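Heads up, run-v5.csv below (CSV, C-alpha atoms):
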chain,number,residue,atom,x,y,z
A,283,MET,CA,54.1,64.5,-36.4
A,284,ILE,CA,55.8,62.5,-33.6
A,285,ASP,CA,54.0,59.4,-32.4
A,286,GLN,CA,53.4,59.3,-28.7
A,287,PRO,CA,54.9,56.2,-27.0
A,288,GLN,CA,52.2,53.6,-26.1
A,289,LEU,CA,52.1,52.1,-22.7
A,290,GLU,CA,53.0,48.4,-22.5
A,291,GLY,CA,49.8,46.4,-22.8
A,292,GLY,CA,47.8,49.2,-24.4
A,293,PRO,CA,44.0,49.2,-23.9
A,294,ALA,CA,43.9,45.7,-22.4
A,295,ARG,CA,46.1,47.0,-19.5
A,296,ALA,CA,43.8,50.0,-19.0
A,297,ASP,CA,40.7,47.8,-18.9
A,298,ALA,CA,42.4,45.5,-16.3
A,299,GLY,CA,43.2,48.6,-14.2
A,300,ARG,CA,39.6,49.8,-14.3
A,301,ARG,CA,38.4,46.3,-13.3
A,302,HIS,CA,40.8,46.3,-10.4
A,303,LEU,CA,39.6,49.7,-9.3
A,304,LEU,CA,36.0,48.5,-9.4
A,305,ARG,CA,36.8,45.5,-7.3
A,306,ARG,CA,38.3,47.8,-4.7
A,307,LEU,CA,35.3,50.1,-4.7
A,308,ARG,CA,33.0,47.1,-4.1
A,309,VAL,CA,34.9,46.2,-1.0
A,310,ALA,CA,34.6,49.8,0.4
A,311,PRO,CA,30.9,49.5,1.5
A,312,LEU,CA,31.7,46.2,3.3
A,313,LEU,CA,34.5,47.9,5.2
A,314,LEU,CA,32.2,50.8,6.0
A,315,LEU,CA,29.6,48.5,7.4
A,316,ALA,CA,32.2,46.7,9.5
A,317,GLY,CA,33.4,50.0,10.9
A,318,ILE,CA,29.8,51.1,11.8
A,319,ALA,CA,29.2,47.7,13.5
A,320,LEU,CA,32.4,47.9,15.5
A,321,ALA,CA,31.8,51.5,16.5
A,322,GLY,CA,28.3,50.6,17.6
A,323,CYS,CA,29.8,48.4,20.4
A,324,ASN,CA,30.5,51.6,22.3
A,325,TYR,CA,27.5,53.6,21.2
A,326,PRO,CA,26.2,55.8,24.0
A,327,ALA,CA,22.6,54.5,23.6
A,328,PHE,CA,23.8,51.0,24.6
A,329,GLU,CA,26.1,52.0,27.5
A,330,ALA,CA,23.3,53.1,29.8
A,331,GLU,CA,21.4,49.8,29.8
A,332,ASN,CA,20.1,50.3,33.3
A,333,PRO,CA,19.3,53.9,34.2
A,334,ALA,CA,19.1,54.4,37.9
A,335,ASP,CA,15.6,56.1,37.9
A,336,LEU,CA,12.2,55.7,36.3
A,337,GLN,CA,12.4,58.9,34.3
A,338,GLY,CA,15.7,57.9,32.8
A,339,ARG,CA,14.3,54.6,31.8
A,340,HIS,CA,11.7,56.3,29.6
A,341,ILE,CA,14.5,58.4,28.0
A,342,PHE,CA,16.6,55.3,27.4
A,343,TYR,CA,13.7,53.4,25.7
A,344,LEU,CA,13.1,56.4,23.4
A,345,TRP,CA,16.7,56.8,22.5
A,346,SER,CA,17.3,53.1,21.9
A,347,GLY,CA,14.1,52.9,19.7
A,348,MET,CA,15.4,55.9,17.6
A,349,VAL,CA,18.8,54.3,17.2
A,350,ILE,CA,17.3,51.0,16.1
A,351,ALA,CA,14.9,52.7,13.7
A,352,GLY,CA,17.8,54.7,12.2
A,353,LEU,CA,19.8,51.5,11.7
A,354,ILE,CA,16.9,49.8,10.0
A,355,VAL,CA,16.3,52.8,7.7
A,356,GLY,CA,20.0,53.3,7.0
A,357,GLY,CA,20.4,49.6,6.2
A,358,PHE,CA,17.4,49.6,3.9
A,359,VAL,CA,18.8,52.6,2.0
A,360,LEU,CA,22.2,51.1,1.7
A,361,VAL,CA,20.8,47.9,0.3
A,362,LEU,CA,18.9,49.9,-2.3
A,363,ILE,CA,22.0,51.8,-3.3
A,364,LEU,CA,24.1,48.7,-3.6
A,365,TRP,CA,21.3,46.9,-5.6
A,366,ALA,CA,20.9,49.8,-8.0
A,367,SER,CA,24.7,50.1,-8.4
A,368,PHE,CA,25.2,46.4,-9.4
A,369,ARG,CA,21.8,45.8,-11.1
A,370,TYR,CA,22.1,48.8,-13.5
A,371,ARG,CA,25.9,49.1,-14.0
A,372,ALA,CA,27.1,49.3,-17.5
A,373,PRO,CA,27.7,45.9,-19.2
A,374,LYS,CA,31.1,45.0,-20.5
A,375,ASN,CA,29.9,45.3,-24.1
A,376,ASP,CA,28.2,48.6,-23.5
A,377,ASP,CA,27.7,50.4,-26.8
A,378,GLY,CA,26.9,53.8,-25.3
A,379,ALA,CA,23.2,53.7,-26.2
A,380,VAL,CA,20.8,55.4,-23.9
A,381,PRO,CA,18.7,52.8,-22.0
A,382,LYS,CA,14.9,52.8,-21.9
A,383,GLN,CA,13.6,55.9,-20.0
A,384,THR,CA,10.6,55.9,-17.7
A,385,HIS,CA,8.7,59.1,-17.1
A,386,SER,CA,7.1,58.3,-13.7
A,387,ARG,CA,6.0,55.7,-11.3
A,388,ILE,CA,3.2,57.2,-9.3
A,389,GLY,CA,3.0,54.3,-6.8
A,390,TRP,CA,6.6,54.4,-5.9
A,391,GLU,CA,6.6,58.2,-5.7
A,392,VAL,CA,3.7,58.2,-3.3
A,393,ALA,CA,5.4,55.5,-1.2
A,394,TYR,CA,8.7,57.2,-0.8
A,395,THR,CA,7.0,60.4,0.1
A,396,THR,CA,4.5,58.9,2.5
A,397,VAL,CA,6.8,56.5,4.4
A,398,PRO,CA,9.3,59.2,5.6
A,399,ILE,CA,6.4,61.4,6.8
A,400,LEU,CA,4.9,58.5,8.8
A,401,ILE,CA,8.4,57.8,10.3
A,402,VAL,CA,8.8,61.4,11.4
A,403,ALA,CA,5.3,61.5,12.8
A,404,GLY,CA,5.9,58.3,14.7
A,405,ILE,CA,9.2,59.7,16.2
A,406,PHE,CA,7.4,62.9,17.1
A,407,GLY,CA,4.6,61.0,18.8
A,408,PHE,CA,6.9,58.8,20.9
A,409,THR,CA,9.1,61.8,21.8
A,410,LEU,CA,6.1,63.8,23.0
A,411,HIS,CA,4.9,60.8,25.1
A,412,THR,CA,8.3,60.4,26.7
A,413,LEU,CA,8.5,64.2,27.4
A,414,ASN,CA,5.2,64.0,29.2
A,415,GLU,CA,6.3,61.0,31.2
A,416,VAL,CA,9.6,62.6,32.2
A,417,ASP,CA,8.0,66.0,33.1
A,418,ALA,CA,5.0,64.5,35.0
A,419,MET,CA,4.9,65.7,38.6
A,420,ASP,CA,3.6,63.6,41.5
A,421,PRO,CA,1.1,65.7,43.5
A,422,HIS,CA,2.1,63.9,46.7
A,423,PRO,CA,5.9,63.2,46.6
A,424,ALA,CA,7.4,61.3,49.5
A,425,LEU,CA,10.1,64.0,49.8
A,426,LYS,CA,11.0,67.5,48.7
A,427,VAL,CA,14.5,68.8,48.3
A,428,HIS,CA,15.5,72.4,47.4
A,429,VAL,CA,18.7,72.2,45.4
A,430,ILE,CA,20.5,75.6,45.3
A,431,ALA,CA,23.4,76.0,42.8
A,432,TYR,CA,26.0,78.7,43.3
A,433,ARG,CA,29.6,79.4,42.2
A,434,TRP,CA,31.0,76.8,42.9
A,435,GLY,CA,29.0,74.4,44.9
A,436,TRP,CA,25.6,73.0,45.9
A,437,ILE,CA,23.2,73.2,48.8
A,438,PHE,CA,20.6,70.5,49.4
A,439,ASP,CA,17.8,71.6,51.7
A,440,TYR,CA,15.4,68.8,52.8
A,441,LEU,CA,12.1,70.7,53.1
A,442,GLY,CA,10.1,70.1,56.2
A,443,THR,CA,13.3,69.3,58.2
A,444,ASN,CA,16.3,71.2,59.4
A,445,VAL,CA,18.7,69.1,57.3
A,446,SER,CA,20.9,71.0,54.9
A,447,ILE,CA,23.8,69.5,53.1
A,448,HIS,CA,26.3,71.8,51.3
A,449,THR,CA,29.7,72.0,49.6
A,450,THR,CA,32.6,72.4,52.1
A,451,THR,CA,36.3,73.0,51.7
A,452,SER,CA,36.8,69.4,52.8
A,453,GLY,CA,34.6,67.6,50.3
A,454,TYR,CA,31.7,67.5,47.9
A,455,PRO,CA,28.1,67.2,49.2
A,456,GLN,CA,26.0,64.1,48.9
A,457,LEU,CA,22.3,64.1,48.0
A,458,VAL,CA,20.6,61.1,49.6
A,459,LEU,CA,17.3,59.9,48.2
A,460,PRO,CA,15.0,56.9,49.1
A,461,GLU,CA,14.7,54.0,46.6
A,462,ASN,CA,11.5,53.5,44.7
A,463,GLU,CA,10.0,56.7,46.2
A,464,THR,CA,9.3,59.9,44.4
A,465,THR,CA,11.3,63.0,45.3
A,466,GLU,CA,10.5,66.4,44.0
A,467,ILE,CA,13.5,68.5,43.3
A,468,ILE,CA,13.1,72.3,43.4
A,469,LEU,CA,16.1,73.7,41.5
A,470,THR,CA,17.3,77.4,41.7
A,471,SER,CA,20.5,79.3,41.3
A,472,ASN,CA,22.0,82.1,43.4
A,473,ASP,CA,24.1,83.8,40.7
A,474,VAL,CA,24.6,82.5,37.2
A,475,VAL,CA,23.3,79.7,35.0
A,476,HIS,CA,24.3,76.2,36.2
A,477,GLU,CA,23.1,72.7,35.2
A,478,PHE,CA,22.2,70.0,37.6
A,479,MET,CA,23.3,66.8,35.8
A,480,VAL,CA,23.3,63.1,37.0
A,481,PRO,CA,24.5,61.0,34.0
A,482,ALA,CA,23.3,57.7,35.6
A,483,PHE,CA,19.8,59.2,35.6
A,484,LEU,CA,20.1,60.3,32.0
A,485,PHE,CA,18.9,63.7,33.2
A,486,GLY,CA,20.0,67.3,33.4
A,487,ARG,CA,18.2,70.5,34.1
A,488,TYR,CA,19.3,74.2,34.1
A,489,ALA,CA,19.5,76.1,37.4
A,490,GLN,CA,18.7,79.7,36.4
A,491,PRO,CA,18.7,82.8,38.6
A,492,GLY,CA,15.2,84.1,39.1
A,493,ILE,CA,13.6,80.9,37.7
A,494,VAL,CA,12.4,77.9,39.8
A,495,ASN,CA,12.6,74.5,38.0
A,496,ARG,CA,10.7,71.5,39.4
A,497,PHE,CA,11.1,67.9,38.5
A,498,ASP,CA,10.7,64.4,40.0
A,499,PHE,CA,13.2,61.7,40.6
A,500,THR,CA,12.1,58.1,41.3
A,501,PRO,CA,15.3,56.2,41.9
A,502,SER,CA,14.9,52.5,40.9
A,503,ARG,CA,18.1,51.0,42.4
A,504,THR,CA,20.5,51.7,45.2
A,505,GLY,CA,24.0,53.0,44.7
A,506,VAL,CA,26.2,56.1,44.7
A,507,PHE,CA,26.2,58.1,41.5
A,508,GLN,CA,28.2,61.0,40.3
A,509,GLY,CA,26.7,64.4,39.6
A,510,HIS,CA,28.1,67.7,38.3
A,511,CYS,CA,27.4,71.1,36.8
A,512,ALA,CA,27.2,70.6,33.1
A,513,VAL,CA,27.4,74.3,32.0
A,514,TYR,CA,30.6,76.3,32.2
A,515,CYS,CA,30.0,78.7,35.0
A,516,GLY,CA,33.4,80.2,35.8
A,517,LEU,CA,36.9,79.5,37.2
A,518,TYR,CA,36.1,76.5,39.4
A,519,HIS,CA,33.4,74.9,37.3
A,520,ALA,CA,35.3,71.6,37.2
A,521,GLU,CA,35.1,71.4,41.0
A,522,MET,CA,31.3,71.9,41.1
A,523,LEU,CA,30.7,68.2,41.9
A,524,PHE,CA,28.4,66.2,44.1
A,525,THR,CA,27.3,62.6,44.6
A,526,LEU,CA,23.8,61.2,44.8
A,527,ARG,CA,23.2,58.1,47.0
A,528,VAL,CA,20.1,56.0,46.7
A,529,ALA,CA,19.3,54.1,49.9
A,530,PRO,CA,16.5,51.7,50.9
A,531,PRO,CA,13.6,53.6,52.5
A,532,ALA,CA,14.4,52.3,56.0
A,533,THR,CA,18.1,53.3,55.7
A,534,PHE,CA,17.1,56.7,54.3
A,535,SER,CA,14.7,57.3,57.3
A,536,SER,CA,17.5,56.4,59.7
A,537,TRP,CA,20.0,58.7,58.0
A,538,LEU,CA,17.5,61.6,57.9
A,539,GLN,CA,16.8,61.2,61.6
A,540,THR,CA,20.5,61.2,62.4
A,541,GLN,CA,21.1,64.3,60.3
A,542,GLU,CA,18.2,66.1,62.1
A,543,ALA,CA,19.7,65.1,65.5
A,544,HIS,CA,23.1,66.5,64.5
A,545,ALA,CA,21.6,69.7,63.1
A,546,ALA,CA,19.6,70.2,66.3
Transcribe the structure of this file into structure tokens.
Amino acid sequence: MIDQPQLEGGPARADAGRRHLLRRLRVAPLLLLAGIALAGCNYPAFEAENPADLQGRHIFYLWSGMVIAGLIVGGFVLVLILWASFRYRAPKNDDGAVPKQTHSRIGWEVAYTTVPILIVAGIFGFTLHTLNEVDAMDPHPALKVHVIAYRWGWIFDYLGTNVSIHTTTSGYPQLVLPENETTEIILTSNDVVHEFMVPAFLFGRYAQPGIVNRFDFTPSRTGVFQGHCAVYCGLYHAEMLFTLRVAPPATFSSWLQTQEAHAA
């Protein structure tokens, strides 16, 4: 029988290699945490710190709360995993004996069953409340605008006036709304499914043929915001753009009067 050559250092070298590997594995969770922290700097929930409307603010608060709750739960679970990994790792002089076994811990089992149920119930409750706030309709809005989507443009009809803004070959249309006043949007489609999306408002809603969707906007700050169709609707979908300008009430009234005079 031919003896196999032994590696230089023998078992001692193998043990040193295992210890080196374990040290590397201990660093891995720290690197993972650092990566998550750095990635969180550009996390979408913290990019929209100032939504441009009241409804979007409700959505932002819900989303931020869920992100923070997720980070807390994830951090707690990670701490438990690391604690169990280091606390109950095999000692250096492990003789291979089976450690003491515990059949059950009723208190802990009830806790880790009840707590997740309470967390999910809380998220459901806050989500339902936010949905009700976002979908709530003012019975007496300051303005009503009929938004009509078609391939590949938009028509903004200001109800009660003769003002109609629409897409032209020379440019994209602009929807002008008064600041801190509620506007009811009546959304329809003339052909296929589109989506009326204003990212700065954290809001999007389908425009579907044969279906009338209604929702309120209450802009909370002035500015010009980009809008677009967020559902692929055909060849020139990428050109189905518009802008939304929020103006002070006096400026908006002056603009509307000027548009009515031009239309007349």
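With distances restricted to only C-alpha atoms, A:Ala489 is the closest residue to Val475 of chain A from A:Ala489, A:Val416, A:Val429, A:Ile350.
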Exercise. When you draw a straight line from atom CA of Thr465 of chain A to atom CA of Ala424 of chain A, how long is it in Å?
Worked result: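 It comes out at 6.0 Å.
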Problem set entry | Gap from atom CA of Tyr454 of chain A to atom CA of Cys511 of chain A - Å, one decimal | 12.4 Å
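Coordinates place atom CA of Lys426 of chain A at a distance of 11.1 Å from atom CA of Glu463 of chain A.
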Exercise. Do you know which residues lie at most 6 Å from (27.6, 71.3, 47.3), with coordinates as in the file and all atoms listed in the file counted, and could you write them as a ChimeraX atom specification?
Worked result: /A:435-437,448-449,454-455
Problem set entry | Ala334 of chain A surroundings by all atoms listed in the file, 8 Å radius, close-in-sequence under 2 positions cut, as a PyMOL selection string | chain A and resi 332+336+338-339+482-483+501-504
Problem set entry | Top pick for closest residue to Val494 of chain A, considering A:Val513, A:Val506, A:Val458, A:Ile430 and counting all atoms listed in the file |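 Closest to Val494 of chain A of all the choices is A:Ile430.
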Exercise. Which polymer residues have any atom within 12 Å of an atom of Pro421 of chain A, counting all atoms listed in the file, with same-chain residues fewer than 4 positions away left out, as a ChimeraX atom specification?
Worked result: /A:425-426,464-466,496-498
Exercise. Which residues come within 10 Å of Ile405 of chain A, counting all atoms listed in the file, excluding same-chain residues fewer than 3 positions away, as a ChimeraX atom specification?
Worked result: /A:344,347-348,351,399-402,408-411
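Across A:Ala418, A:Leu441, A:Val397, A:Ala532, the tightest approach to Glu461 of chain A is made by A:Ala532 when counting all atoms listed in the file.
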Show me as a CSV table (one decimal) with C-alpha atoms, in the frame of the given file the residues that reach within 8 Å of (18.0, 60.8, 48.8), counting all atoms listed in the file and using the file's own coordinates.
chain,number,residue,atom,x,y,z
A,457,LEU,CA,22.3,64.1,48.0
A,458,VAL,CA,20.6,61.1,49.6
A,459,LEU,CA,17.3,59.9,48.2
A,460,PRO,CA,15.0,56.9,49.1
A,461,GLU,CA,14.7,54.0,46.6
A,465,THR,CA,11.3,63.0,45.3
A,526,LEU,CA,23.8,61.2,44.8
A,527,ARG,CA,23.2,58.1,47.0
A,528,VAL,CA,20.1,56.0,46.7
A,529,ALA,CA,19.3,54.1,49.9
A,534,PHE,CA,17.1,56.7,54.3
For this session: Would you list the contacts of Phe485 of chain A as a PyMOL selection string, taking every protein, DNA or RNA residue within 10 Å and counting only C-alpha atoms, but skipping same-chain residues closer than 2 positions in sequence?
Result: chain A and resi 333+335+337-338+341+416+478-483+487+499
Problem set entry | Closest of A:Leu413, A:Val355, A:Leu538, A:Ala512 to His340 of chain A - atom-to-atom distances counting only C-alpha atoms |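 When distances to His340 of chain A are compared using only C-alpha atoms, the smallest one comes from A:Leu413.
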Problem set entry | Spatial neighbours of Gly492 of chain A, max dist 9 Å, all atoms listed in the file, sep filter under 5 positions, as a PyMOL selection string | chain A and resi 470-472
With the input short on atoms, add N, CA, C and O atoms back to segment 354-369 of chain A and write it as a compact mmCIF listing (two decimals), keeping the file's coordinate frame.
# COMPACT_ATOMS: atom_id res chain seq x y z
N ILE A 354 17.76 50.53 10.93
CA ILE A 354 16.90 49.80 10.00
C ILE A 354 16.76 50.64 8.68
O ILE A 354 16.94 50.14 7.56
N VAL A 355 16.44 51.94 8.83
CA VAL A 355 16.30 52.80 7.70
C VAL A 355 17.58 52.93 6.89
O VAL A 355 17.62 52.83 5.66
N GLY A 356 18.69 53.15 7.63
CA GLY A 356 20.00 53.30 7.00
C GLY A 356 20.38 52.02 6.24
O GLY A 356 20.91 52.07 5.12
N GLY A 357 20.13 50.85 6.86
CA GLY A 357 20.40 49.60 6.20
C GLY A 357 19.62 49.38 4.95
O GLY A 357 20.13 48.90 3.92
N PHE A 358 18.33 49.74 5.02
CA PHE A 358 17.40 49.60 3.90
C PHE A 358 17.92 50.47 2.70
O PHE A 358 17.98 50.04 1.54
N VAL A 359 18.29 51.72 3.03
CA VAL A 359 18.80 52.60 2.00
C VAL A 359 20.07 52.14 1.39
O VAL A 359 20.29 52.20 0.17
N LEU A 360 20.97 51.62 2.23
CA LEU A 360 22.20 51.10 1.70
C LEU A 360 22.01 49.92 0.79
O LEU A 360 22.67 49.80 -0.25
N VAL A 361 21.08 49.04 1.16
CA VAL A 361 20.80 47.90 0.30
C VAL A 361 20.25 48.38 -1.06
O VAL A 361 20.64 47.86 -2.12
N LEU A 362 19.38 49.38 -1.07
CA LEU A 362 18.90 49.90 -2.30
C LEU A 362 19.99 50.52 -3.17
O LEU A 362 20.02 50.35 -4.40
N ILE A 363 20.90 51.24 -2.52
CA ILE A 363 22.00 51.80 -3.30
C ILE A 363 22.88 50.77 -3.91
O ILE A 363 23.24 50.86 -5.08
N LEU A 364 23.23 49.74 -3.12
CA LEU A 364 24.10 48.70 -3.60
C LEU A 364 23.35 47.90 -4.76
O LEU A 364 23.96 47.55 -5.79
N TRP A 365 22.05 47.63 -4.55
CA TRP A 365 21.30 46.90 -5.60
C TRP A 365 21.26 47.68 -6.88
O TRP A 365 21.50 47.12 -7.96
N ALA A 366 20.98 49.00 -6.79
CA ALA A 366 20.90 49.80 -8.00
C ALA A 366 22.30 49.90 -8.66
O ALA A 366 22.42 49.89 -9.90
N SER A 367 23.36 49.96 -7.85
CA SER A 367 24.70 50.10 -8.40
C SER A 367 25.11 48.85 -9.19
O SER A 367 25.74 48.95 -10.25
N PHE A 368 24.76 47.66 -8.68
CA PHE A 368 25.20 46.40 -9.40
C PHE A 368 24.15 46.02 -10.44
O PHE A 368 24.53 45.49 -11.49
N ARG A 369 22.86 46.26 -10.16
CA ARG A 369 21.80 45.80 -11.10
C ARG A 369 21.90 46.64 -12.41
O ARG A 369 21.69 46.10 -13.51
